[in-house]
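So this one's protein_0.txt, compact mmCIF, C-alpha atoms and all ligand atoms:
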```txt
# COMPACT_ATOMS: atom_id res chain seq x y z
CA MET A 1 60.60 -78.92 -58.70
CA ARG A 2 58.84 -75.83 -57.32
CA ARG A 3 61.26 -73.21 -58.45
CA GLU A 4 58.81 -70.41 -57.65
CA LEU A 5 59.60 -70.83 -53.93
CA SER A 6 61.29 -67.66 -52.75
CA PHE A 7 61.78 -65.21 -49.90
CA GLU A 8 62.57 -61.51 -49.75
CA ILE A 9 66.18 -60.32 -49.91
CA GLY A 10 67.29 -56.75 -49.11
CA PRO A 11 70.02 -54.79 -50.92
CA ILE A 12 73.08 -54.98 -48.65
CA ARG A 13 74.99 -56.91 -46.02
CA PRO A 14 78.46 -56.43 -44.47
CA PRO A 15 81.39 -58.04 -46.35
CA SER A 16 81.84 -60.47 -43.46
CA GLU A 17 78.34 -61.85 -44.20
CA ALA A 18 79.03 -62.60 -47.86
CA TYR A 19 78.09 -66.28 -47.47
CA SER A 20 75.37 -65.90 -44.84
CA LEU A 21 71.69 -66.61 -45.41
CA LEU A 22 70.02 -63.18 -45.74
CA LEU A 23 66.72 -62.81 -43.97
CA ARG A 24 64.81 -59.54 -44.30
CA VAL A 25 63.03 -58.53 -41.09
CA THR A 26 62.45 -54.86 -42.01
CA ARG A 27 62.62 -52.96 -45.28
CA ASN A 28 65.03 -50.06 -45.80
CA CYS A 29 66.15 -47.58 -43.13
CA PRO A 30 63.89 -45.94 -40.52
CA TRP A 31 66.26 -42.93 -40.36
CA ASN A 32 67.49 -42.55 -43.94
CA LYS A 33 68.98 -39.07 -43.53
CA CYS A 34 72.76 -39.60 -43.35
CA LEU A 35 74.49 -37.35 -45.89
CA PHE A 36 77.08 -39.99 -46.85
CA CYS A 37 74.61 -42.82 -47.53
CA HIS A 38 72.62 -43.49 -50.68
CA ILE A 39 71.45 -47.06 -50.18
CA TYR A 40 67.86 -46.52 -49.11
CA LYS A 41 67.24 -42.98 -50.39
CA GLY A 42 63.77 -42.68 -51.93
CA ARG A 43 62.61 -45.93 -50.34
CA ARG A 44 60.08 -46.01 -47.53
CA PHE A 45 60.86 -47.83 -44.30
CA GLU A 46 58.55 -50.72 -43.44
CA ARG A 47 58.41 -53.18 -40.60
CA ARG A 48 57.61 -56.72 -41.71
CA SER A 49 55.19 -58.66 -39.56
CA VAL A 50 56.45 -61.63 -37.58
CA GLU A 51 54.17 -63.89 -39.66
CA GLU A 52 55.61 -62.55 -42.90
CA VAL A 53 59.19 -63.15 -41.76
CA LYS A 54 58.35 -66.61 -40.46
CA ALA A 55 56.80 -67.42 -43.84
CA ASP A 56 60.15 -66.46 -45.43
CA ILE A 57 62.02 -68.71 -42.99
CA SER A 58 59.64 -71.55 -43.90
CA ALA A 59 60.27 -70.87 -47.60
CA ALA A 60 64.04 -71.05 -47.00
CA TYR A 61 63.45 -74.31 -45.13
CA GLU A 62 61.41 -75.79 -48.00
CA ILE A 63 64.08 -74.73 -50.47
CA ALA A 64 66.66 -76.51 -48.29
CA GLN A 65 64.48 -79.67 -48.36
CA GLU A 66 64.16 -79.49 -52.16
CA LEU A 67 67.91 -79.08 -52.50
CA LYS A 68 68.49 -82.12 -50.32
CA ALA A 69 66.07 -84.14 -52.48
CA LEU A 70 67.95 -82.91 -55.55
CA SER A 71 71.21 -83.99 -53.92
CA TRP A 72 69.88 -87.55 -53.47
CA ARG A 73 68.80 -87.62 -57.11
CA LEU A 74 72.26 -86.48 -58.21
CA GLY A 75 73.97 -89.13 -56.09
CA SER A 76 75.34 -86.77 -53.41
CA GLY A 77 73.51 -88.49 -50.54
CA GLY A 78 71.66 -85.42 -49.26
CA ASP A 79 74.77 -83.20 -49.03
CA ILE A 80 74.87 -79.95 -50.91
CA SER A 81 78.05 -80.98 -52.66
CA ARG A 82 80.00 -79.12 -55.31
CA GLU A 83 78.09 -81.13 -57.95
CA VAL A 84 74.72 -80.02 -56.51
CA LEU A 85 75.94 -76.44 -56.39
CA GLN A 86 77.12 -76.59 -60.00
CA HIS A 87 73.75 -78.03 -61.02
CA VAL A 88 71.84 -75.23 -59.27
CA PHE A 89 74.03 -72.48 -60.75
CA SER A 90 73.84 -73.86 -64.26
CA HIS A 91 70.04 -74.23 -64.29
CA PRO A 92 67.33 -71.58 -64.03
CA TYR A 93 66.88 -71.63 -60.25
CA ASN A 94 66.00 -68.30 -58.66
CA GLU A 95 68.43 -66.31 -56.47
CA CYS A 96 66.91 -67.75 -53.26
CA PHE A 97 67.70 -71.32 -54.35
CA ARG A 98 71.21 -70.23 -55.27
CA MET A 99 71.73 -68.45 -51.98
CA VAL A 100 70.45 -71.37 -49.89
CA ALA A 101 72.49 -73.85 -51.94
CA LEU A 102 75.72 -71.88 -51.46
CA TRP A 103 74.89 -71.30 -47.80
CA LEU A 104 74.28 -75.01 -47.12
CA HIS A 105 77.33 -76.02 -49.15
CA LEU A 106 79.43 -73.87 -46.79
CA GLY A 107 77.84 -75.36 -43.68
CA GLY A 108 74.70 -73.21 -43.29
CA ARG A 109 75.87 -71.74 -40.01
CA ASN A 110 75.56 -67.95 -40.47
CA VAL A 111 72.45 -65.80 -40.93
CA PHE A 112 72.27 -62.03 -41.42
CA LEU A 113 69.06 -60.12 -40.62
CA GLN A 114 68.34 -57.23 -43.01
CA ASP A 115 67.90 -54.22 -43.50
CA ALA A 116 69.44 -51.22 -41.75
CA ASN A 117 68.09 -51.53 -38.21
CA SER A 118 66.43 -54.78 -37.15
CA LEU A 119 66.31 -53.65 -33.55
CA VAL A 120 63.39 -51.33 -34.24
CA LEU A 121 61.28 -54.47 -33.87
CA ARG A 122 59.90 -55.09 -30.40
CA THR A 123 62.10 -57.46 -28.40
CA GLU A 124 59.33 -60.11 -28.24
CA GLU A 125 58.84 -59.95 -32.02
CA LEU A 126 62.51 -60.28 -32.87
CA SER A 127 63.00 -62.97 -30.26
CA SER A 128 60.10 -64.98 -31.71
CA ILE A 129 61.64 -64.71 -35.22
CA LEU A 130 65.06 -65.78 -33.92
CA ARG A 131 63.66 -68.79 -32.06
CA PHE A 132 61.66 -69.90 -35.11
CA LEU A 133 64.78 -69.58 -37.27
CA LYS A 134 66.80 -71.76 -34.85
CA GLU A 135 63.95 -74.28 -34.76
CA LYS A 136 63.93 -74.63 -38.56
CA PHE A 137 67.72 -74.53 -38.92
CA PRO A 138 69.22 -75.92 -35.69
CA GLN A 139 72.72 -75.95 -37.21
CA VAL A 140 72.81 -72.13 -37.27
CA GLU A 141 75.52 -70.81 -34.96
CA ARG A 142 75.79 -67.14 -35.79
CA ILE A 143 72.94 -64.66 -36.36
CA THR A 144 73.91 -61.04 -36.91
CA SER A 145 72.28 -57.77 -37.91
CA TYR A 146 72.80 -54.07 -38.48
CA ALA A 147 71.39 -51.80 -35.77
CA ARG A 148 71.43 -48.11 -34.84
CA SER A 149 72.95 -46.87 -31.59
CA ARG A 150 70.08 -44.46 -31.00
CA THR A 151 67.48 -47.22 -31.14
CA ILE A 152 69.41 -49.33 -28.66
CA ALA A 153 70.23 -46.42 -26.34
CA ARG A 154 66.59 -45.28 -26.25
CA THR A 155 64.52 -48.42 -26.52
CA LYS A 156 66.48 -51.48 -25.41
CA THR A 157 67.61 -52.49 -21.94
CA VAL A 158 70.50 -54.84 -21.25
CA GLU A 159 67.83 -57.40 -20.30
CA ASP A 160 66.17 -57.00 -23.73
CA LEU A 161 69.49 -57.59 -25.41
CA LYS A 162 70.20 -60.60 -23.20
CA GLU A 163 66.84 -62.04 -24.24
CA LEU A 164 67.79 -61.56 -27.91
CA ARG A 165 71.15 -63.15 -27.20
CA SER A 166 69.50 -66.19 -25.68
CA ALA A 167 67.09 -66.38 -28.64
CA GLY A 168 70.12 -66.64 -30.96
CA LEU A 169 71.32 -63.13 -31.88
CA THR A 170 75.10 -63.34 -31.68
CA ARG A 171 76.50 -60.17 -33.24
CA LEU A 172 75.42 -56.60 -34.02
CA HIS A 173 77.03 -54.34 -36.63
CA LEU A 174 76.69 -50.65 -35.68
CA GLY A 175 77.57 -47.69 -37.88
CA LEU A 176 79.46 -45.54 -35.40
CA GLU A 177 80.89 -43.55 -38.34
CA SER A 178 82.33 -40.89 -35.98
CA GLY A 179 82.54 -40.25 -32.27
CA TRP A 180 82.48 -36.46 -32.65
CA ASP A 181 79.14 -34.79 -31.92
CA PHE A 182 79.71 -31.90 -34.32
CA LEU A 183 80.41 -34.24 -37.23
CA LEU A 184 77.56 -36.63 -36.35
CA ASP A 185 75.25 -33.63 -36.44
CA TYR A 186 76.77 -32.21 -39.65
CA MET A 187 76.38 -35.58 -41.40
CA LYS A 188 72.79 -35.92 -40.04
CA LYS A 189 73.60 -39.25 -38.42
CA GLY A 190 70.84 -38.68 -35.86
CA VAL A 191 72.83 -39.94 -32.90
CA THR A 192 75.19 -38.45 -30.32
CA ALA A 193 78.53 -39.69 -29.05
CA SER A 194 76.99 -40.44 -25.66
CA GLN A 195 74.24 -42.53 -27.31
CA HIS A 196 76.93 -44.44 -29.19
CA ILE A 197 78.68 -45.13 -25.89
CA GLU A 198 75.48 -46.09 -24.09
CA ALA A 199 74.36 -48.46 -26.86
CA GLY A 200 77.81 -49.98 -27.25
CA GLN A 201 78.19 -50.59 -23.52
CA LYS A 202 74.74 -52.18 -23.30
CA ILE A 203 75.54 -54.57 -26.15
CA MET A 204 78.86 -55.51 -24.57
CA ALA A 205 77.13 -56.14 -21.23
CA SER A 206 74.54 -58.40 -22.91
CA GLY A 207 77.07 -60.85 -24.33
CA ILE A 208 76.23 -60.02 -27.96
CA GLU A 209 79.35 -59.47 -30.07
CA LEU A 210 79.79 -55.93 -31.30
CA SER A 211 81.28 -54.59 -34.55
CA GLU A 212 81.60 -50.80 -34.70
CA TYR A 213 82.12 -49.26 -38.15
CA VAL A 214 84.20 -46.11 -38.55
CA ILE A 215 84.30 -44.03 -41.75
CA LEU A 216 87.77 -42.87 -42.60
CA GLY A 217 87.68 -39.47 -44.31
CA LEU A 218 84.30 -38.45 -42.87
CA GLY A 219 85.80 -35.28 -41.39
CA GLY A 220 87.26 -34.23 -44.76
CA ARG A 221 90.28 -31.93 -44.95
CA ARG A 222 88.86 -29.53 -42.35
CA TRP A 223 87.94 -31.84 -39.47
CA TRP A 224 90.00 -35.02 -39.86
CA LYS A 225 91.94 -34.57 -36.61
CA GLU A 226 88.88 -34.01 -34.41
CA HIS A 227 87.11 -36.89 -36.18
CA ALA A 228 89.98 -39.32 -35.50
CA ARG A 229 90.56 -38.22 -31.89
CA GLU A 230 86.91 -38.11 -30.79
CA THR A 231 86.16 -41.42 -32.53
CA ALA A 232 89.02 -43.08 -30.66
CA LYS A 233 87.70 -41.63 -27.37
CA VAL A 234 84.24 -43.15 -27.93
CA LEU A 235 85.64 -46.53 -28.99
CA ASN A 236 87.91 -46.55 -25.93
CA GLN A 237 84.82 -46.34 -23.73
CA ILE A 238 82.98 -49.10 -25.56
CA ASN A 239 85.77 -51.63 -26.12
CA PRO A 240 83.87 -53.35 -28.95
CA HIS A 241 84.95 -56.78 -30.12
CA PHE A 242 85.63 -55.40 -33.60
CA ILE A 243 86.50 -51.97 -34.99
CA ARG A 244 85.84 -52.08 -38.72
CA ILE A 245 87.11 -49.40 -41.08
CA ARG A 246 85.27 -48.06 -44.11
CA THR A 247 86.65 -45.35 -46.39
CA LEU A 248 84.45 -42.44 -47.43
CA MET A 249 83.44 -42.50 -51.07
CA VAL A 250 80.91 -39.95 -52.25
CA LEU A 251 78.58 -40.58 -55.16
CA PRO A 252 76.26 -38.01 -56.84
CA GLN A 253 73.23 -39.78 -55.26
CA MET A 254 74.50 -38.92 -51.77
CA PRO A 255 73.47 -35.57 -50.23
CA LEU A 256 77.13 -34.95 -49.27
CA TRP A 257 77.93 -34.62 -52.99
CA GLU A 258 76.20 -31.22 -53.11
CA LYS A 259 78.27 -29.93 -50.21
CA ILE A 260 81.42 -30.95 -52.09
CA GLU A 261 80.18 -29.25 -55.27
CA ARG A 262 79.50 -26.05 -53.31
CA GLY A 263 82.99 -26.21 -51.78
CA GLU A 264 81.64 -26.69 -48.23
CA PHE A 265 83.25 -30.09 -47.76
CA GLU A 266 86.64 -31.10 -49.12
CA LEU A 267 87.59 -34.73 -49.62
CA GLN A 268 91.00 -35.91 -48.45
CA SER A 269 93.52 -37.59 -50.71
CA GLU A 270 94.28 -41.29 -50.26
CA GLU A 271 97.46 -40.39 -48.40
CA GLU A 272 95.72 -37.89 -46.11
CA MET A 273 93.22 -40.54 -45.08
CA ILE A 274 96.07 -42.88 -44.17
CA VAL A 275 97.56 -40.11 -41.99
CA GLU A 276 94.13 -39.86 -40.32
CA GLU A 277 94.01 -43.62 -39.83
CA ARG A 278 97.41 -43.44 -38.16
CA LEU A 279 96.12 -40.88 -35.67
CA LEU A 280 93.01 -42.97 -34.97
CA ILE A 281 95.07 -46.11 -34.27
CA GLU A 282 97.56 -44.16 -32.17
CA GLU A 283 94.77 -42.82 -29.96
CA LEU A 284 92.95 -46.16 -29.59
CA GLU A 285 93.25 -47.83 -26.21
CA ALA A 286 90.33 -50.21 -26.74
CA LYS A 287 90.90 -53.93 -26.50
CA SER A 288 89.39 -54.68 -29.90
CA TYR A 289 90.19 -56.48 -33.11
CA PHE A 290 90.93 -53.91 -35.81
CA VAL A 291 89.68 -54.93 -39.26
CA SER A 292 89.92 -53.27 -42.71
CA ASP A 293 87.66 -55.68 -44.57
CA HIS A 294 86.29 -53.41 -47.26
CA ILE A 295 87.69 -53.09 -50.75
CA LEU A 296 87.58 -49.26 -50.48
CA ASN A 297 90.20 -49.29 -47.71
CA LEU A 298 93.58 -48.56 -49.25
CA LEU A 299 95.55 -50.59 -46.69
CA GLY A 300 93.38 -53.70 -46.41
CA GLU A 301 96.19 -55.46 -44.59
CA LEU A 302 95.66 -53.30 -41.48
CA GLU A 303 94.26 -56.00 -39.26
CA GLY A 304 95.20 -57.06 -35.76
CA LYS A 305 94.44 -57.24 -32.08
CA LEU A 306 94.66 -54.00 -30.14
CA PRO A 307 96.59 -53.01 -28.16
CA GLU A 308 99.15 -55.81 -28.70
CA GLU A 309 99.45 -55.35 -32.46
CA LYS A 310 99.28 -51.56 -32.54
CA PRO A 311 103.03 -51.28 -33.38
CA LYS A 312 102.54 -53.69 -36.30
CA LEU A 313 99.62 -51.64 -37.67
CA LEU A 314 101.47 -48.35 -37.29
CA GLY A 315 104.51 -49.96 -38.95
CA ILE A 316 102.46 -50.83 -42.05
CA ILE A 317 101.14 -47.26 -42.21
CA ASP A 318 104.62 -45.79 -41.78
CA ARG A 319 105.92 -48.03 -44.52
CA PHE A 320 103.32 -46.61 -46.90
CA LEU A 321 103.87 -43.02 -45.77
CA SER A 322 107.66 -43.27 -46.22
CA MET A 323 107.36 -44.33 -49.87
CA SER A 324 108.18 -41.88 -52.67
CA LYS A 325 105.37 -40.04 -54.48
CA GLU A 326 105.75 -42.37 -57.50
CA GLU A 327 105.64 -45.49 -55.34
CA LYS A 328 102.51 -44.27 -53.54
CA LEU A 329 100.78 -43.59 -56.85
CA ASN A 330 101.86 -47.00 -58.13
CA PHE A 331 100.45 -48.68 -55.02
CA CYS A 332 97.15 -46.74 -55.06
CA LEU A 333 96.58 -47.55 -58.72
CA GLY A 334 97.61 -51.19 -58.31
CA ARG A 335 95.33 -51.64 -55.31
CA ARG A 336 92.36 -49.92 -56.97
CA ALA A 337 92.87 -51.90 -60.18
CA GLY A 338 92.87 -55.15 -58.20
CA ILE A 339 96.52 -55.94 -59.06
CA TYR A 340 97.89 -55.52 -55.52
CA GLU A 341 96.34 -56.70 -52.28
CA CYS A 342 99.07 -55.51 -49.93
CA LEU A 343 102.26 -53.46 -49.89
CA ASP A 344 104.45 -56.54 -50.30
CA ASP A 345 102.89 -57.18 -53.72
CA MET A 346 104.85 -54.19 -55.00
CA LYS A 347 108.03 -56.25 -54.62
CA ASP A 348 106.85 -58.56 -57.39
CA PRO A 349 108.50 -57.11 -60.55
CA ALA A 350 105.79 -58.57 -62.83
CA LEU A 351 102.99 -56.93 -60.82
CA TRP A 352 104.92 -53.65 -60.56
CA SER A 353 105.40 -53.54 -64.35
CA GLN A 354 101.73 -54.38 -64.91
CA VAL A 355 100.74 -51.36 -62.77
CA GLU A 356 103.28 -49.09 -64.49
CA ALA A 357 101.97 -50.15 -67.92
CA LEU A 358 98.42 -49.37 -66.77
CA LYS A 359 99.58 -45.98 -65.48
CA HIS A 360 101.21 -45.08 -68.82
CA ARG A 361 98.08 -46.16 -70.67
CA ILE A 362 95.89 -43.96 -68.44
CA GLU A 363 98.28 -41.02 -68.91
CA ARG A 364 98.03 -41.44 -72.68
CA GLU A 365 94.32 -42.11 -72.99
CA TYR A 366 92.63 -40.44 -70.02
CA PRO A 367 92.97 -36.64 -70.09
CA GLU A 368 91.82 -36.17 -66.48
CA GLY A 369 94.91 -37.96 -65.15
CA VAL A 370 95.74 -40.99 -63.03
CA GLU A 371 94.28 -39.71 -59.74
CA LYS A 372 90.90 -39.04 -61.31
CA ALA A 373 91.03 -42.49 -62.91
CA ILE A 374 91.65 -44.01 -59.48
CA PHE A 375 88.60 -42.14 -58.13
CA LYS A 376 86.50 -43.60 -60.95
CA MET A 377 87.73 -47.10 -60.15
CA LYS A 378 86.70 -46.60 -56.50
CA GLU A 379 83.18 -45.59 -57.57
CA ALA A 380 82.76 -49.05 -59.04
CA PHE A 381 83.31 -50.61 -55.61
CA LEU A 382 80.08 -49.15 -54.20
S1 LIG B 401 71.34 -45.02 -40.55
FE1 LIG B 401 72.66 -46.32 -41.86
S2 LIG B 401 71.36 -47.02 -43.54
FE2 LIG B 401 70.27 -45.34 -42.51
S3 LIG B 401 70.82 -43.52 -43.70
FE3 LIG B 401 72.27 -43.68 -42.03
S4 LIG B 401 74.03 -44.85 -42.84
FE4 LIG B 401 72.28 -45.15 -44.25
```
Written as structure tokens, how would this file's structure read?
Amino acid sequence: MRRELSFEIGPIRPPSEAYSLLLRVTRNCPWNKCLFCHIYKGRRFERRSVEEVKADISAAYEIAQELKALSWRLGSGGDISREVLQHVFSHPYNECFRMVALWLHLGGRNVFLQDANSLVLRTEELSSILRFLKEKFPQVERITSYARSRTIARTKTVEDLKELRSAGLTRLHLGLESGWDFLLDYMKKGVTASQHIEAGQKIMASGIELSEYVILGLGGRRWWKEHARETAKVLNQINPHFIRIRTLMVLPQMPLWEKIERGEFELQSEEEMIVEERLLIEELEAKSYFVSDHILNLLGELEGKLPEEKPKLLGIIDRFLSMSKEEKLNFCLGRRAGIYECLDDMKDPALWSQVEALKHRIEREYPEGVEKAIFKMKEAFL
């Protein structure tokens, strides 16, 4: 057993790619200046050569072959069964073996290309990597990546994107964050609203699926209305397949932290961000699937097809907003403590009492109060 076989894995992937094979085609972020982002700070951007990435794909392939051989030895007939998975996770296999084992156990159909902007690679390079990947793993159906709007607006044509689509790239995840030029500039996002629109429209025209990420709370107390309205306007012109919500959370490692400390930027409360989300949804006319698939989003149940399900989404928000102050605090704490998943969970008397007991304990033992404790819990999600 050659357990030293391995390939490079980057630090993050979207929640929807939790069980995908991670393949690193570049290292870190070529921009790395956004005030609200800490992930790649202090790390230098590097392109990986096509040969290097192909060597990683070959390593993943060899690992898959070794796992299949292991499966035969364990009596699973070449399948990466639950027994094979348990064997791998209870023995000293490295994280690449574990990832490939879990990936194959779940069908081995999804791959995510890391890190922050794979589209900085030349189209021919990326296309060659994608084709090699499909050759080694023909069962792969979905290959996705993060990308920046500015890179696509400035360096990729619809034809380039179509070529990547035909080589196997099926979905791009773009950090729109905001559609308001002032805020994009303030947050040093390095992109304009018109570049967001241009990139988004090109991707849609190429047949690649598009997920646009919006950060709730990015405008703070001062600019939340403009942020919500201008973001909706940009999304309405793109009509992405998915609009995915993230909630702003600022850590001391993020440059935005200093602005908060100096009083230049004021964070919204949980409730204020839900009011902002209501305005965003109200103003959306895009035909997109709205998703709240991040643990930091207070109302994770806000999910549905727009425009048909807009009334349902607004109804959930209004239900939260019409609750009493105590109920809202109970829900926020319960959600952040992992006791509630959705508003309906509050109807369960056992869960409600569990949250109330936690609240009383925090009030007794934590001098900074329940809201500060909730903030601390949120920090742990990043
Ligand atoms: S472009 Fe993305 S990864 Fe790079 S600094 Fe901005 S938010 Fe972070």
Any residue with an atom at most 6 Å from ligand LIG 401 (chain B) counts, using only C-alpha atoms and all ligand atoms. Which are they? Put them as a compact mmCIF listing (two decimals) with C-alpha atoms, in the coordinates of the input.
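Saved to part-v8.txt:
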```txt
# COMPACT_ATOMS: atom_id res chain seq x y z
CA CYS A 29 66.15 -47.58 -43.13
CA TRP A 31 66.26 -42.93 -40.36
CA ASN A 32 67.49 -42.55 -43.94
CA LYS A 33 68.98 -39.07 -43.53
CA CYS A 34 72.76 -39.60 -43.35
CA CYS A 37 74.61 -42.82 -47.53
CA ALA A 116 69.44 -51.22 -41.75
CA LYS A 189 73.60 -39.25 -38.42
```
Hey, which bits of segment 150-174 of chain A sit within 8 Å of segment 200-218 of chain A, and for each residue what's the closest pair of atoms and how far apart in Å (one decimal), counting all atoms listed in the file, rows by chain and increasing number, as JSON lines?
```
{"residue": "A:Ala153", "atom": "CA", "partner": "A:Lys202", "partner_atom": "CA", "distance": 7.9}
{"residue": "A:Thr157", "atom": "CA", "partner": "A:Lys202", "partner_atom": "CA", "distance": 7.3}
{"residue": "A:Val158", "atom": "CA", "partner": "A:Lys202", "partner_atom": "CA", "distance": 5.4}
{"residue": "A:Glu159", "atom": "CA", "partner": "A:Ser206", "partner_atom": "CA", "distance": 7.3}
{"residue": "A:Leu161", "atom": "CA", "partner": "A:Ser206", "partner_atom": "CA", "distance": 5.7}
{"residue": "A:Lys162", "atom": "CA", "partner": "A:Ser206", "partner_atom": "CA", "distance": 4.9}
{"residue": "A:Arg165", "atom": "CA", "partner": "A:Ile208", "partner_atom": "CA", "distance": 6.0}
{"residue": "A:Leu169", "atom": "CA", "partner": "A:Ile208", "partner_atom": "CA", "distance": 7.0}
{"residue": "A:Thr170", "atom": "CA", "partner": "A:Ile208", "partner_atom": "CA", "distance": 5.1}
{"residue": "A:Arg171", "atom": "CA", "partner": "A:Glu209", "partner_atom": "CA", "distance": 4.3}
{"residue": "A:Leu172", "atom": "CA", "partner": "A:Leu210", "partner_atom": "CA", "distance": 5.2}
{"residue": "A:His173", "atom": "CA", "partner": "A:Ser211", "partner_atom": "CA", "distance": 4.7}
{"residue": "A:Leu174", "atom": "CA", "partner": "A:Glu212", "partner_atom": "CA", "distance": 5.0}
```
Original post:
atom CA of Leu333 of chain A to atom CA of Glu277 of chain A: how many Å, to one decimal?
Top reply: 19.5 Å
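Between Ile80 of chain A and the residues A:Val140, A:Ala101, A:Ile63, A:Ala18, the shortest atom-to-atom distance, using all atoms listed in the file, involves A:Ala101.
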Subject >> Counting only C-alpha atoms, the residue of A:Ser49, A:Asn94, A:Gln139, A:Thr192 that sits nearest Gly108 of chain A >> reply: A:Gln139
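Nearest-residue note for Ser118 of chain A: choosing from A:Ser145, A:Gln237, A:Ser71, A:Gln195, the minimum distance belongs to A:Ser145, counting only C-alpha atoms.
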**OP:** Just give me the gap between atom CA of Ile374 of chain A and atom CA of Pro14 of chain A in Å, one decimal is fine.
**Re:** 23.5 Å
Original post:
Which residue out of A:Glu135, A:Glu282, A:Glu230, A:Glu327 has the minimum interatomic distance to Glu309 of chain A when only C-alpha atoms are used?
Top reply: A:Glu282
**OP:** Excluding Arg27 of chain A and any residue of its chain fewer than 2 positions from it, enumerate the residues within 10 Å of it, using all atoms listed in the file, and give them as a ChimeraX atom specification.
**Re:** /A:8-11,24-25,29-30,40,43-48,114-118
Subject >> Who sits within 9 Å of segment 250-263 of chain A, only C-alpha atoms, same chain under 3 positions skipped, as a PyMOL selection string >> reply: chain A and resi 33-39+41+187+266-267+379+382
Point (93.8, -54.4, -53.4) neighbourhood (9 Å, all atoms listed in the file) written as a short mmCIF file (atom, residue, chain, number, x, y, z; two decimals) with C-alpha atoms, in the coordinates of the input:
```
data_model
loop_
_atom_site.label_atom_id
_atom_site.label_comp_id
_atom_site.auth_asym_id
_atom_site.auth_seq_id
_atom_site.Cartn_x
_atom_site.Cartn_y
_atom_site.Cartn_z
CA ILE A 295 87.69 -53.09 -50.75
CA LEU A 296 87.58 -49.26 -50.48
CA ASN A 297 90.20 -49.29 -47.71
CA LEU A 298 93.58 -48.56 -49.25
CA LEU A 299 95.55 -50.59 -46.69
CA GLY A 300 93.38 -53.70 -46.41
CA PHE A 331 100.45 -48.68 -55.02
CA CYS A 332 97.15 -46.74 -55.06
CA GLY A 334 97.61 -51.19 -58.31
CA ARG A 335 95.33 -51.64 -55.31
CA ARG A 336 92.36 -49.92 -56.97
CA ALA A 337 92.87 -51.90 -60.18
CA GLY A 338 92.87 -55.15 -58.20
CA ILE A 339 96.52 -55.94 -59.06
CA TYR A 340 97.89 -55.52 -55.52
CA GLU A 341 96.34 -56.70 -52.28
CA CYS A 342 99.07 -55.51 -49.93
#
```
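Nearest to Gly369 of chain A of all the residues A:Phe7, A:Glu83, A:Ser324, A:Leu329 is A:Leu329, based on all atoms listed in the file.
The spacing separating atom CA of Glu308 of chain A from atom CA of Ile197 of chain A amounts to 23.3 Å.
Take the candidates A:Pro307, A:Leu248, A:Leu183, A:Ala286 and check each one against Trp223 of chain A using all atoms listed in the file; the shortest distance goes to A:Leu183.
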Where atoms are lacking, segment 306-317 of chain A completed to N, CA and C atoms, as a JSON list (two decimals), in the frame of the given file:
```json
[["chain", "number", "residue", "atom", "x", "y", "z"],
["A", 306, "LEU", "N", 94.18, -55.18, -30.89],
["A", 306, "LEU", "CA", 94.66, -54.00, -30.14],
["A", 306, "LEU", "C", 94.56, -54.34, -28.65],
["A", 307, "PRO", "N", 95.46, -53.89, -27.82],
["A", 307, "PRO", "CA", 96.59, -53.01, -28.16],
["A", 307, "PRO", "C", 97.85, -53.75, -28.60],
["A", 308, "GLU", "N", 97.89, -55.08, -28.44],
["A", 308, "GLU", "CA", 99.15, -55.81, -28.70],
["A", 308, "GLU", "C", 99.75, -55.51, -30.08],
["A", 309, "GLU", "N", 98.90, -55.46, -31.10],
["A", 309, "GLU", "CA", 99.45, -55.35, -32.46],
["A", 309, "GLU", "C", 99.45, -53.91, -32.99],
["A", 310, "LYS", "N", 99.26, -52.95, -32.09],
["A", 310, "LYS", "CA", 99.28, -51.56, -32.54],
["A", 310, "LYS", "C", 100.61, -51.21, -33.25],
["A", 311, "PRO", "N", 101.77, -51.62, -32.68],
["A", 311, "PRO", "CA", 103.03, -51.28, -33.38],
["A", 311, "PRO", "C", 103.08, -51.87, -34.79],
["A", 312, "LYS", "N", 102.54, -53.07, -34.96],
["A", 312, "LYS", "CA", 102.54, -53.69, -36.30],
["A", 312, "LYS", "C", 101.69, -52.85, -37.27],
["A", 313, "LEU", "N", 100.50, -52.42, -36.79],
["A", 313, "LEU", "CA", 99.62, -51.64, -37.67],
["A", 313, "LEU", "C", 100.26, -50.29, -38.03],
["A", 314, "LEU", "N", 100.85, -49.65, -37.01],
["A", 314, "LEU", "CA", 101.47, -48.35, -37.29],
["A", 314, "LEU", "C", 102.68, -48.53, -38.22],
["A", 315, "GLY", "N", 103.35, -49.66, -38.08],
["A", 315, "GLY", "CA", 104.51, -49.96, -38.95],
["A", 315, "GLY", "C", 104.08, -50.06, -40.41],
["A", 316, "ILE", "N", 102.94, -50.70, -40.66],
["A", 316, "ILE", "CA", 102.46, -50.83, -42.05],
["A", 316, "ILE", "C", 102.15, -49.44, -42.61],
["A", 317, "ILE", "N", 101.49, -48.62, -41.76],
["A", 317, "ILE", "CA", 101.14, -47.26, -42.21],
["A", 317, "ILE", "C", 102.41, -46.46, -42.50]]
```
